[in-house]
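Below is start_26.txt, which holds compact mmCIF, N, CA and C atoms.
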# COMPACT_ATOMS: atom_id res chain seq x y z
N MET A 13 0.16 -20.54 -7.41
CA MET A 13 1.08 -19.42 -7.32
C MET A 13 0.62 -18.52 -6.19
N THR A 14 1.49 -18.15 -5.27
CA THR A 14 1.13 -17.25 -4.18
C THR A 14 1.22 -15.82 -4.64
N SER A 15 0.66 -14.91 -3.85
CA SER A 15 0.66 -13.51 -4.24
C SER A 15 2.07 -12.96 -4.33
N THR A 16 3.01 -13.47 -3.53
CA THR A 16 4.36 -12.94 -3.60
C THR A 16 5.15 -13.49 -4.78
N GLU A 17 4.62 -14.49 -5.48
CA GLU A 17 5.29 -15.01 -6.67
C GLU A 17 4.78 -14.34 -7.94
N ARG A 18 3.67 -13.62 -7.83
CA ARG A 18 3.05 -13.04 -9.00
C ARG A 18 3.92 -11.94 -9.59
N GLY A 19 4.01 -11.93 -10.88
CA GLY A 19 4.65 -10.83 -11.60
C GLY A 19 3.63 -10.32 -12.58
N GLY A 20 4.04 -9.75 -13.62
CA GLY A 20 3.13 -9.29 -14.65
C GLY A 20 3.95 -8.68 -15.75
N PRO A 21 3.29 -8.18 -16.79
CA PRO A 21 4.05 -7.65 -17.92
C PRO A 21 4.96 -6.50 -17.53
N ASP A 22 4.54 -5.68 -16.58
CA ASP A 22 5.35 -4.54 -16.16
C ASP A 22 5.84 -4.68 -14.73
N ARG A 23 5.63 -5.84 -14.13
CA ARG A 23 5.96 -6.03 -12.72
C ARG A 23 6.96 -7.17 -12.57
N PRO A 24 7.96 -6.96 -11.71
CA PRO A 24 8.92 -8.05 -11.47
C PRO A 24 8.27 -9.17 -10.67
N THR A 25 8.76 -10.38 -10.85
CA THR A 25 8.33 -11.50 -10.03
C THR A 25 9.13 -11.44 -8.73
N VAL A 26 8.45 -11.63 -7.62
CA VAL A 26 9.09 -11.56 -6.31
C VAL A 26 9.32 -12.97 -5.81
N ARG A 27 10.57 -13.34 -5.61
CA ARG A 27 10.93 -14.67 -5.12
C ARG A 27 10.53 -14.79 -3.65
N PRO A 28 9.81 -15.84 -3.27
CA PRO A 28 9.28 -15.95 -1.91
C PRO A 28 10.32 -16.47 -0.90
N THR A 29 11.18 -15.59 -0.42
CA THR A 29 12.14 -15.97 0.61
C THR A 29 11.42 -16.11 1.96
N ARG A 30 12.10 -16.64 2.94
CA ARG A 30 11.52 -16.77 4.29
C ARG A 30 11.09 -15.40 4.82
N GLN A 31 11.95 -14.39 4.64
CA GLN A 31 11.64 -13.05 5.13
C GLN A 31 10.42 -12.47 4.41
N ARG A 32 10.35 -12.67 3.10
CA ARG A 32 9.21 -12.14 2.34
C ARG A 32 7.93 -12.85 2.74
N ARG A 33 8.02 -14.14 3.01
CA ARG A 33 6.83 -14.87 3.48
C ARG A 33 6.38 -14.34 4.83
N ALA A 34 7.31 -14.01 5.72
CA ALA A 34 6.97 -13.47 7.03
C ALA A 34 6.30 -12.10 6.90
N VAL A 35 6.83 -11.25 6.01
CA VAL A 35 6.23 -9.93 5.79
C VAL A 35 4.85 -10.09 5.16
N ALA A 36 4.72 -10.98 4.19
CA ALA A 36 3.43 -11.22 3.54
C ALA A 36 2.40 -11.72 4.55
N ALA A 37 2.80 -12.61 5.44
CA ALA A 37 1.88 -13.12 6.46
C ALA A 37 1.45 -12.00 7.40
N ALA A 38 2.38 -11.13 7.77
CA ALA A 38 2.03 -10.00 8.64
C ALA A 38 1.05 -9.06 7.94
N LEU A 39 1.28 -8.80 6.65
CA LEU A 39 0.37 -7.93 5.89
C LEU A 39 -1.03 -8.54 5.83
N ASP A 40 -1.10 -9.86 5.73
CA ASP A 40 -2.40 -10.52 5.67
C ASP A 40 -3.17 -10.40 6.98
N ALA A 41 -2.48 -10.08 8.07
CA ALA A 41 -3.11 -9.95 9.38
C ALA A 41 -3.80 -8.59 9.56
N PHE A 42 -3.53 -7.64 8.68
CA PHE A 42 -4.06 -6.29 8.80
C PHE A 42 -5.01 -5.96 7.66
N ASP A 43 -6.06 -5.21 7.95
CA ASP A 43 -6.94 -4.69 6.91
C ASP A 43 -6.60 -3.24 6.58
N ASP A 44 -5.94 -2.57 7.50
CA ASP A 44 -5.63 -1.16 7.31
C ASP A 44 -4.14 -0.98 7.03
N PHE A 45 -3.75 0.24 6.76
CA PHE A 45 -2.35 0.55 6.50
C PHE A 45 -1.58 0.49 7.81
N ARG A 46 -0.34 -0.01 7.74
CA ARG A 46 0.53 -0.09 8.91
C ARG A 46 1.93 0.34 8.53
N SER A 47 2.65 0.85 9.51
CA SER A 47 4.04 1.25 9.28
C SER A 47 4.93 0.01 9.22
N ALA A 48 6.11 0.18 8.67
CA ALA A 48 7.08 -0.92 8.63
C ALA A 48 7.43 -1.36 10.05
N GLN A 49 7.49 -0.42 10.97
CA GLN A 49 7.80 -0.76 12.37
C GLN A 49 6.69 -1.63 12.97
N GLU A 50 5.43 -1.30 12.69
CA GLU A 50 4.33 -2.12 13.20
C GLU A 50 4.36 -3.52 12.59
N ILE A 51 4.67 -3.60 11.31
CA ILE A 51 4.77 -4.90 10.64
C ILE A 51 5.94 -5.69 11.23
N HIS A 52 7.07 -5.03 11.44
CA HIS A 52 8.23 -5.67 12.06
C HIS A 52 7.89 -6.17 13.46
N ASP A 53 7.18 -5.37 14.25
CA ASP A 53 6.81 -5.76 15.61
C ASP A 53 5.94 -7.02 15.59
N LEU A 54 4.98 -7.10 14.67
CA LEU A 54 4.13 -8.29 14.58
C LEU A 54 4.96 -9.51 14.22
N ILE A 55 5.86 -9.36 13.26
CA ILE A 55 6.72 -10.49 12.86
C ILE A 55 7.54 -10.97 14.06
N SER A 56 8.08 -10.03 14.82
CA SER A 56 8.88 -10.40 16.00
C SER A 56 8.02 -11.10 17.05
N ARG A 57 6.81 -10.60 17.29
CA ARG A 57 5.90 -11.24 18.26
C ARG A 57 5.54 -12.65 17.84
N GLN A 58 5.53 -12.91 16.53
CA GLN A 58 5.21 -14.24 16.03
C GLN A 58 6.42 -15.17 16.06
N GLY A 59 7.56 -14.65 16.50
CA GLY A 59 8.74 -15.49 16.68
C GLY A 59 9.67 -15.54 15.50
N ASP A 60 9.41 -14.78 14.45
CA ASP A 60 10.32 -14.75 13.30
C ASP A 60 11.40 -13.71 13.53
N SER A 61 12.58 -14.00 13.03
CA SER A 61 13.69 -13.07 13.14
C SER A 61 13.95 -12.44 11.78
N VAL A 62 13.43 -11.22 11.62
CA VAL A 62 13.62 -10.46 10.38
C VAL A 62 13.98 -9.04 10.79
N GLY A 63 15.07 -8.52 10.26
CA GLY A 63 15.50 -7.18 10.62
C GLY A 63 14.56 -6.11 10.06
N LEU A 64 14.52 -4.97 10.72
CA LEU A 64 13.66 -3.87 10.28
C LEU A 64 14.06 -3.40 8.87
N ALA A 65 15.35 -3.34 8.58
CA ALA A 65 15.80 -2.92 7.24
C ALA A 65 15.29 -3.91 6.19
N THR A 66 15.27 -5.19 6.53
CA THR A 66 14.75 -6.21 5.60
C THR A 66 13.26 -6.02 5.37
N VAL A 67 12.54 -5.65 6.42
CA VAL A 67 11.11 -5.38 6.29
C VAL A 67 10.90 -4.22 5.32
N TYR A 68 11.65 -3.13 5.49
CA TYR A 68 11.54 -1.99 4.58
C TYR A 68 11.85 -2.39 3.14
N ARG A 69 12.94 -3.12 2.93
CA ARG A 69 13.31 -3.54 1.57
C ARG A 69 12.24 -4.44 0.97
N THR A 70 11.72 -5.36 1.78
CA THR A 70 10.69 -6.27 1.30
C THR A 70 9.43 -5.52 0.93
N LEU A 71 9.02 -4.58 1.76
CA LEU A 71 7.83 -3.79 1.45
C LEU A 71 8.02 -3.01 0.16
N SER A 72 9.20 -2.44 -0.02
CA SER A 72 9.49 -1.70 -1.25
C SER A 72 9.44 -2.62 -2.46
N THR A 73 10.01 -3.81 -2.34
CA THR A 73 9.99 -4.78 -3.43
C THR A 73 8.56 -5.21 -3.75
N LEU A 74 7.77 -5.47 -2.70
CA LEU A 74 6.37 -5.86 -2.91
C LEU A 74 5.57 -4.74 -3.55
N ALA A 75 5.86 -3.49 -3.18
CA ALA A 75 5.17 -2.35 -3.80
C ALA A 75 5.55 -2.24 -5.27
N ASP A 76 6.84 -2.42 -5.59
CA ASP A 76 7.28 -2.38 -6.99
C ASP A 76 6.61 -3.46 -7.82
N ALA A 77 6.33 -4.60 -7.18
CA ALA A 77 5.69 -5.72 -7.87
C ALA A 77 4.17 -5.59 -7.90
N GLY A 78 3.63 -4.53 -7.30
CA GLY A 78 2.18 -4.33 -7.28
C GLY A 78 1.45 -5.17 -6.26
N GLU A 79 2.19 -5.72 -5.29
CA GLU A 79 1.57 -6.57 -4.27
C GLU A 79 1.00 -5.78 -3.10
N VAL A 80 1.57 -4.62 -2.83
CA VAL A 80 1.09 -3.78 -1.74
C VAL A 80 1.04 -2.33 -2.21
N ASP A 81 0.23 -1.57 -1.52
CA ASP A 81 0.20 -0.12 -1.74
C ASP A 81 0.92 0.55 -0.60
N MET A 82 1.62 1.63 -0.92
CA MET A 82 2.27 2.46 0.07
C MET A 82 1.69 3.85 -0.07
N LEU A 83 1.40 4.47 1.05
CA LEU A 83 1.02 5.87 1.01
C LEU A 83 1.73 6.59 2.12
N ARG A 84 1.76 7.89 2.03
CA ARG A 84 2.38 8.72 3.06
C ARG A 84 1.26 9.35 3.87
N THR A 85 1.41 9.27 5.18
CA THR A 85 0.45 9.92 6.07
C THR A 85 0.63 11.43 5.95
N GLU A 86 -0.26 12.15 6.56
CA GLU A 86 -0.13 13.61 6.55
C GLU A 86 1.16 14.06 7.24
N GLU A 87 1.71 13.20 8.11
CA GLU A 87 2.97 13.51 8.78
C GLU A 87 4.18 13.07 7.96
N GLY A 88 3.95 12.39 6.83
CA GLY A 88 5.03 11.97 5.94
C GLY A 88 5.53 10.55 6.15
N GLU A 89 4.93 9.81 7.09
CA GLU A 89 5.36 8.43 7.34
C GLU A 89 4.82 7.51 6.25
N ALA A 90 5.66 6.60 5.77
CA ALA A 90 5.23 5.59 4.80
C ALA A 90 4.46 4.50 5.54
N ILE A 91 3.28 4.17 5.03
CA ILE A 91 2.49 3.08 5.59
C ILE A 91 2.06 2.17 4.44
N TRP A 92 1.80 0.90 4.75
CA TRP A 92 1.66 -0.14 3.74
C TRP A 92 0.45 -1.00 4.02
N ARG A 93 -0.12 -1.56 2.95
CA ARG A 93 -1.17 -2.57 3.11
C ARG A 93 -1.32 -3.32 1.80
N ARG A 94 -1.83 -4.53 1.92
CA ARG A 94 -2.14 -5.32 0.73
C ARG A 94 -3.46 -4.77 0.17
N CYS A 95 -3.50 -4.51 -1.12
CA CYS A 95 -4.68 -3.92 -1.74
C CYS A 95 -5.10 -4.71 -2.97
N SER A 96 -6.22 -4.29 -3.54
CA SER A 96 -6.69 -4.93 -4.77
C SER A 96 -5.73 -4.61 -5.91
N GLY A 97 -5.83 -5.36 -6.98
CA GLY A 97 -4.93 -5.18 -8.11
C GLY A 97 -5.37 -4.11 -9.09
N THR A 98 -6.51 -3.50 -8.87
CA THR A 98 -7.00 -2.47 -9.79
C THR A 98 -6.57 -1.09 -9.31
N HIS A 99 -6.54 -0.14 -10.24
CA HIS A 99 -6.19 1.23 -9.87
C HIS A 99 -7.29 1.80 -8.99
N HIS A 100 -6.89 2.37 -7.88
CA HIS A 100 -7.86 2.93 -6.94
C HIS A 100 -7.17 4.01 -6.10
N HIS A 101 -7.97 4.67 -5.30
CA HIS A 101 -7.49 5.68 -4.36
C HIS A 101 -7.94 5.25 -2.98
N HIS A 102 -7.52 5.98 -1.96
CA HIS A 102 -7.86 5.59 -0.60
C HIS A 102 -8.49 6.73 0.18
N LEU A 103 -9.52 6.38 0.96
CA LEU A 103 -10.04 7.24 2.01
C LEU A 103 -9.48 6.66 3.30
N VAL A 104 -8.78 7.47 4.08
CA VAL A 104 -8.12 6.97 5.28
C VAL A 104 -8.56 7.80 6.48
N CYS A 105 -9.01 7.11 7.55
CA CYS A 105 -9.41 7.80 8.77
C CYS A 105 -8.17 8.23 9.54
N ARG A 106 -8.13 9.52 9.89
CA ARG A 106 -7.00 10.04 10.66
C ARG A 106 -6.94 9.46 12.07
N ALA A 107 -8.10 9.11 12.62
CA ALA A 107 -8.15 8.66 14.01
C ALA A 107 -7.82 7.18 14.16
N CYS A 108 -8.49 6.32 13.40
CA CYS A 108 -8.34 4.87 13.61
C CYS A 108 -7.60 4.16 12.48
N GLY A 109 -7.38 4.84 11.36
CA GLY A 109 -6.66 4.23 10.24
C GLY A 109 -7.52 3.40 9.31
N ALA A 110 -8.84 3.32 9.58
CA ALA A 110 -9.73 2.58 8.69
C ALA A 110 -9.55 3.10 7.26
N THR A 111 -9.53 2.19 6.30
CA THR A 111 -9.24 2.56 4.93
C THR A 111 -10.30 1.98 4.00
N VAL A 112 -10.72 2.79 3.04
CA VAL A 112 -11.68 2.36 2.03
C VAL A 112 -11.04 2.62 0.67
N GLU A 113 -11.04 1.58 -0.19
CA GLU A 113 -10.57 1.76 -1.56
C GLU A 113 -11.71 2.36 -2.37
N VAL A 114 -11.41 3.42 -3.12
CA VAL A 114 -12.43 4.07 -3.94
C VAL A 114 -11.90 4.28 -5.35
N GLU A 115 -12.81 4.17 -6.30
CA GLU A 115 -12.47 4.51 -7.68
C GLU A 115 -12.71 6.00 -7.86
N GLY A 116 -12.03 6.59 -8.80
CA GLY A 116 -12.16 8.02 -9.01
C GLY A 116 -12.18 8.39 -10.47
N PRO A 117 -13.26 8.04 -11.20
CA PRO A 117 -13.26 8.34 -12.63
C PRO A 117 -13.08 9.82 -12.93
N ALA A 118 -13.62 10.69 -12.09
CA ALA A 118 -13.45 12.13 -12.33
C ALA A 118 -11.98 12.52 -12.18
N VAL A 119 -11.28 11.92 -11.24
CA VAL A 119 -9.86 12.20 -11.05
C VAL A 119 -9.07 11.70 -12.26
N GLU A 120 -9.42 10.49 -12.73
CA GLU A 120 -8.72 9.93 -13.88
C GLU A 120 -8.89 10.82 -15.11
N GLN A 121 -10.12 11.28 -15.33
CA GLN A 121 -10.40 12.14 -16.49
C GLN A 121 -9.66 13.46 -16.36
N TRP A 122 -9.68 14.05 -15.16
CA TRP A 122 -8.98 15.31 -14.93
C TRP A 122 -7.48 15.14 -15.18
N ALA A 123 -6.87 14.07 -14.66
CA ALA A 123 -5.43 13.85 -14.84
C ALA A 123 -5.09 13.71 -16.32
N ASP A 124 -5.91 12.95 -17.05
CA ASP A 124 -5.67 12.78 -18.49
C ASP A 124 -5.78 14.12 -19.22
N THR A 125 -6.78 14.91 -18.87
CA THR A 125 -7.01 16.20 -19.52
C THR A 125 -5.86 17.16 -19.26
N VAL A 126 -5.47 17.29 -18.00
CA VAL A 126 -4.38 18.21 -17.63
C VAL A 126 -3.08 17.77 -18.30
N ALA A 127 -2.80 16.48 -18.31
CA ALA A 127 -1.58 15.98 -18.94
C ALA A 127 -1.58 16.30 -20.44
N ALA A 128 -2.71 16.04 -21.10
CA ALA A 128 -2.79 16.30 -22.54
C ALA A 128 -2.63 17.79 -22.85
N GLU A 129 -3.23 18.63 -22.02
CA GLU A 129 -3.12 20.09 -22.23
C GLU A 129 -1.68 20.56 -22.17
N HIS A 130 -0.86 19.87 -21.40
CA HIS A 130 0.52 20.28 -21.22
C HIS A 130 1.51 19.38 -21.96
N GLY A 131 0.99 18.51 -22.83
CA GLY A 131 1.85 17.68 -23.66
C GLY A 131 2.52 16.52 -22.94
N PHE A 132 1.93 16.07 -21.85
CA PHE A 132 2.50 14.93 -21.12
C PHE A 132 1.82 13.64 -21.56
N ALA A 133 2.59 12.57 -21.56
CA ALA A 133 2.06 11.24 -21.89
C ALA A 133 2.54 10.25 -20.84
N ALA A 134 1.98 9.06 -20.87
CA ALA A 134 2.36 7.98 -19.94
C ALA A 134 2.36 8.46 -18.50
N ILE A 135 1.28 9.11 -18.10
CA ILE A 135 1.21 9.69 -16.76
C ILE A 135 0.79 8.65 -15.72
N SER A 136 1.10 8.94 -14.50
CA SER A 136 0.60 8.18 -13.35
C SER A 136 0.33 9.19 -12.25
N HIS A 137 -0.41 8.75 -11.25
CA HIS A 137 -0.72 9.65 -10.15
C HIS A 137 -1.14 8.84 -8.94
N THR A 138 -1.13 9.50 -7.79
CA THR A 138 -1.68 8.92 -6.57
C THR A 138 -2.57 9.97 -5.94
N LEU A 139 -3.58 9.50 -5.24
CA LEU A 139 -4.48 10.41 -4.52
C LEU A 139 -4.93 9.70 -3.26
N GLU A 140 -4.67 10.32 -2.15
CA GLU A 140 -5.12 9.80 -0.87
C GLU A 140 -5.95 10.89 -0.21
N VAL A 141 -7.10 10.50 0.35
CA VAL A 141 -7.98 11.45 1.01
C VAL A 141 -8.05 11.06 2.49
N PHE A 142 -7.70 11.99 3.36
CA PHE A 142 -7.71 11.75 4.80
C PHE A 142 -8.88 12.48 5.42
N GLY A 143 -9.53 11.83 6.37
CA GLY A 143 -10.65 12.43 7.08
C GLY A 143 -10.91 11.63 8.35
N THR A 144 -12.12 11.76 8.86
CA THR A 144 -12.51 11.02 10.06
C THR A 144 -13.72 10.18 9.71
N CYS A 145 -13.61 8.86 9.94
CA CYS A 145 -14.69 7.94 9.60
C CYS A 145 -15.90 8.19 10.50
N ARG A 146 -17.03 7.63 10.10
CA ARG A 146 -18.29 7.80 10.84
C ARG A 146 -18.15 7.32 12.28
N SER A 147 -17.54 6.16 12.49
CA SER A 147 -17.41 5.62 13.86
C SER A 147 -16.61 6.56 14.74
N CYS A 148 -15.52 7.09 14.24
CA CYS A 148 -14.69 8.00 15.05
C CYS A 148 -15.36 9.35 15.24
N SER A 149 -16.14 9.81 14.26
CA SER A 149 -16.82 11.08 14.35
C SER A 149 -17.91 11.09 15.42
N THR A 150 -18.52 9.92 15.63
CA THR A 150 -19.64 9.85 16.60
C THR A 150 -19.18 9.56 18.02
N ARG A 151 -17.89 9.31 18.21
CA ARG A 151 -17.38 9.03 19.57
C ARG A 151 -17.26 10.30 20.37

As a first step, turn the structure in this file into structure tokens.
Amino acid sequence: MTSTERGGPDRPTVRPTRQRRAVAAALDAFDDFRSAQEIHDLISRQGDSVGLATVYRTLSTLADAGEVDMLRTEEGEAIWRRCSGTHHHHLVCRACGATVEVEGPAVEQWADTVAAEHGFAAISHTLEVFGTCRSCSTR
């Protein structure tokens, strides 16, 4: 089973169309987050014909299926990358885009506590931390 065919108890199964395979292959070429336009450009350079709107829809479908993570940059742009299947947060370099997945038990505990104090259940959250990585800081 490929990663784009995986579903789960709360996740839809994603049918591996030609376009989805092209987007998945492009995502596999990157370690950091990339915009839909950058992913589309790579697909085009590789000779595949996939429209930008299809790339956006595919990325959204893959995110809904838990195959990719999407975050918003400080400027509000959606960027995407293939990530691990466990709950995590991201440290993202503002300069080069280098990304580190981090666990945040203190954040998880805080979110649970605040939700319980206010009578909320079945909560979810996202947390992205932006900064400058060591390599970019020393340049």

Å distance separating atom C of A:Thr111 from atom CA of A:Arg94, one decimal place
11.4 Å

Atomic distance atom CA of A:Asp60 - atom CA of A:Ala34, expressed in Å with one decimal
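Atom CA of A:Ala34 lies 7.2 Å from atom CA of A:Asp60.
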
Measure the distance from atom CA of A:Ala123 to atom CA of A:Thr138 in Å and round it to one decimal.
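So the answer is 10.3 Å.
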
Protein, DNA and RNA residues within 8 Å of (-4.5, 16.5, 9.0), all atoms listed in the file, as a VMD selection string
chain A and resid 85 to 87 106 142 to 143

Write the residues of the selection above to a file with N, CA and C atoms, as an mmCIF file, in the coordinates of the input.
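Contents of result_11.cif, as written:
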data_model
loop_
_atom_site.group_PDB
_atom_site.id
_atom_site.type_symbol
_atom_site.label_atom_id
_atom_site.label_comp_id
_atom_site.auth_asym_id
_atom_site.auth_seq_id
_atom_site.Cartn_x
_atom_site.Cartn_y
_atom_site.Cartn_z
ATOM 1 N N THR A 85 1.410 9.270 5.180
ATOM 2 C CA THR A 85 0.450 9.920 6.070
ATOM 3 C C THR A 85 0.630 11.430 5.950
ATOM 4 N N GLU A 86 -0.260 12.150 6.560
ATOM 5 C CA GLU A 86 -0.130 13.610 6.550
ATOM 6 C C GLU A 86 1.160 14.060 7.240
ATOM 7 N N GLU A 87 1.710 13.200 8.110
ATOM 8 C CA GLU A 87 2.970 13.510 8.780
ATOM 9 C C GLU A 87 4.180 13.070 7.960
ATOM 10 N N ARG A 106 -8.130 9.520 9.890
ATOM 11 C CA ARG A 106 -7.000 10.040 10.660
ATOM 12 C C ARG A 106 -6.940 9.460 12.070
ATOM 13 N N PHE A 142 -7.700 11.990 3.360
ATOM 14 C CA PHE A 142 -7.710 11.750 4.800
ATOM 15 C C PHE A 142 -8.880 12.480 5.420
ATOM 16 N N GLY A 143 -9.530 11.830 6.370
ATOM 17 C CA GLY A 143 -10.650 12.430 7.080
ATOM 18 C C GLY A 143 -10.910 11.630 8.350
#

Out of A:Ala37, A:Leu54, A:Val141, A:Ala128, which residue has the shortest atom-to-atom distance to A:Leu103 when counting all atoms listed in the file?
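Result for the nearest residue to A:Leu103: A:Val141.
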
From the list A:Thr73, A:Asp124, A:Glu140, A:Cys148, which residue is nearest A:Ala107 when using all atoms listed in the file?
A:Cys148

Using only N, CA and C atoms: which of A:Ile55, A:Gln49, A:Trp122, A:Asp81 has the shortest distance to A:Tyr68:
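Among the listed residues, the smallest separation from A:Tyr68 belongs to A:Gln49.
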
With distances taken over only C-alpha atoms, which of A:Ser136, A:Ser47, A:Thr66, A:Thr98 is nearest to A:Thr29?
A:Thr66
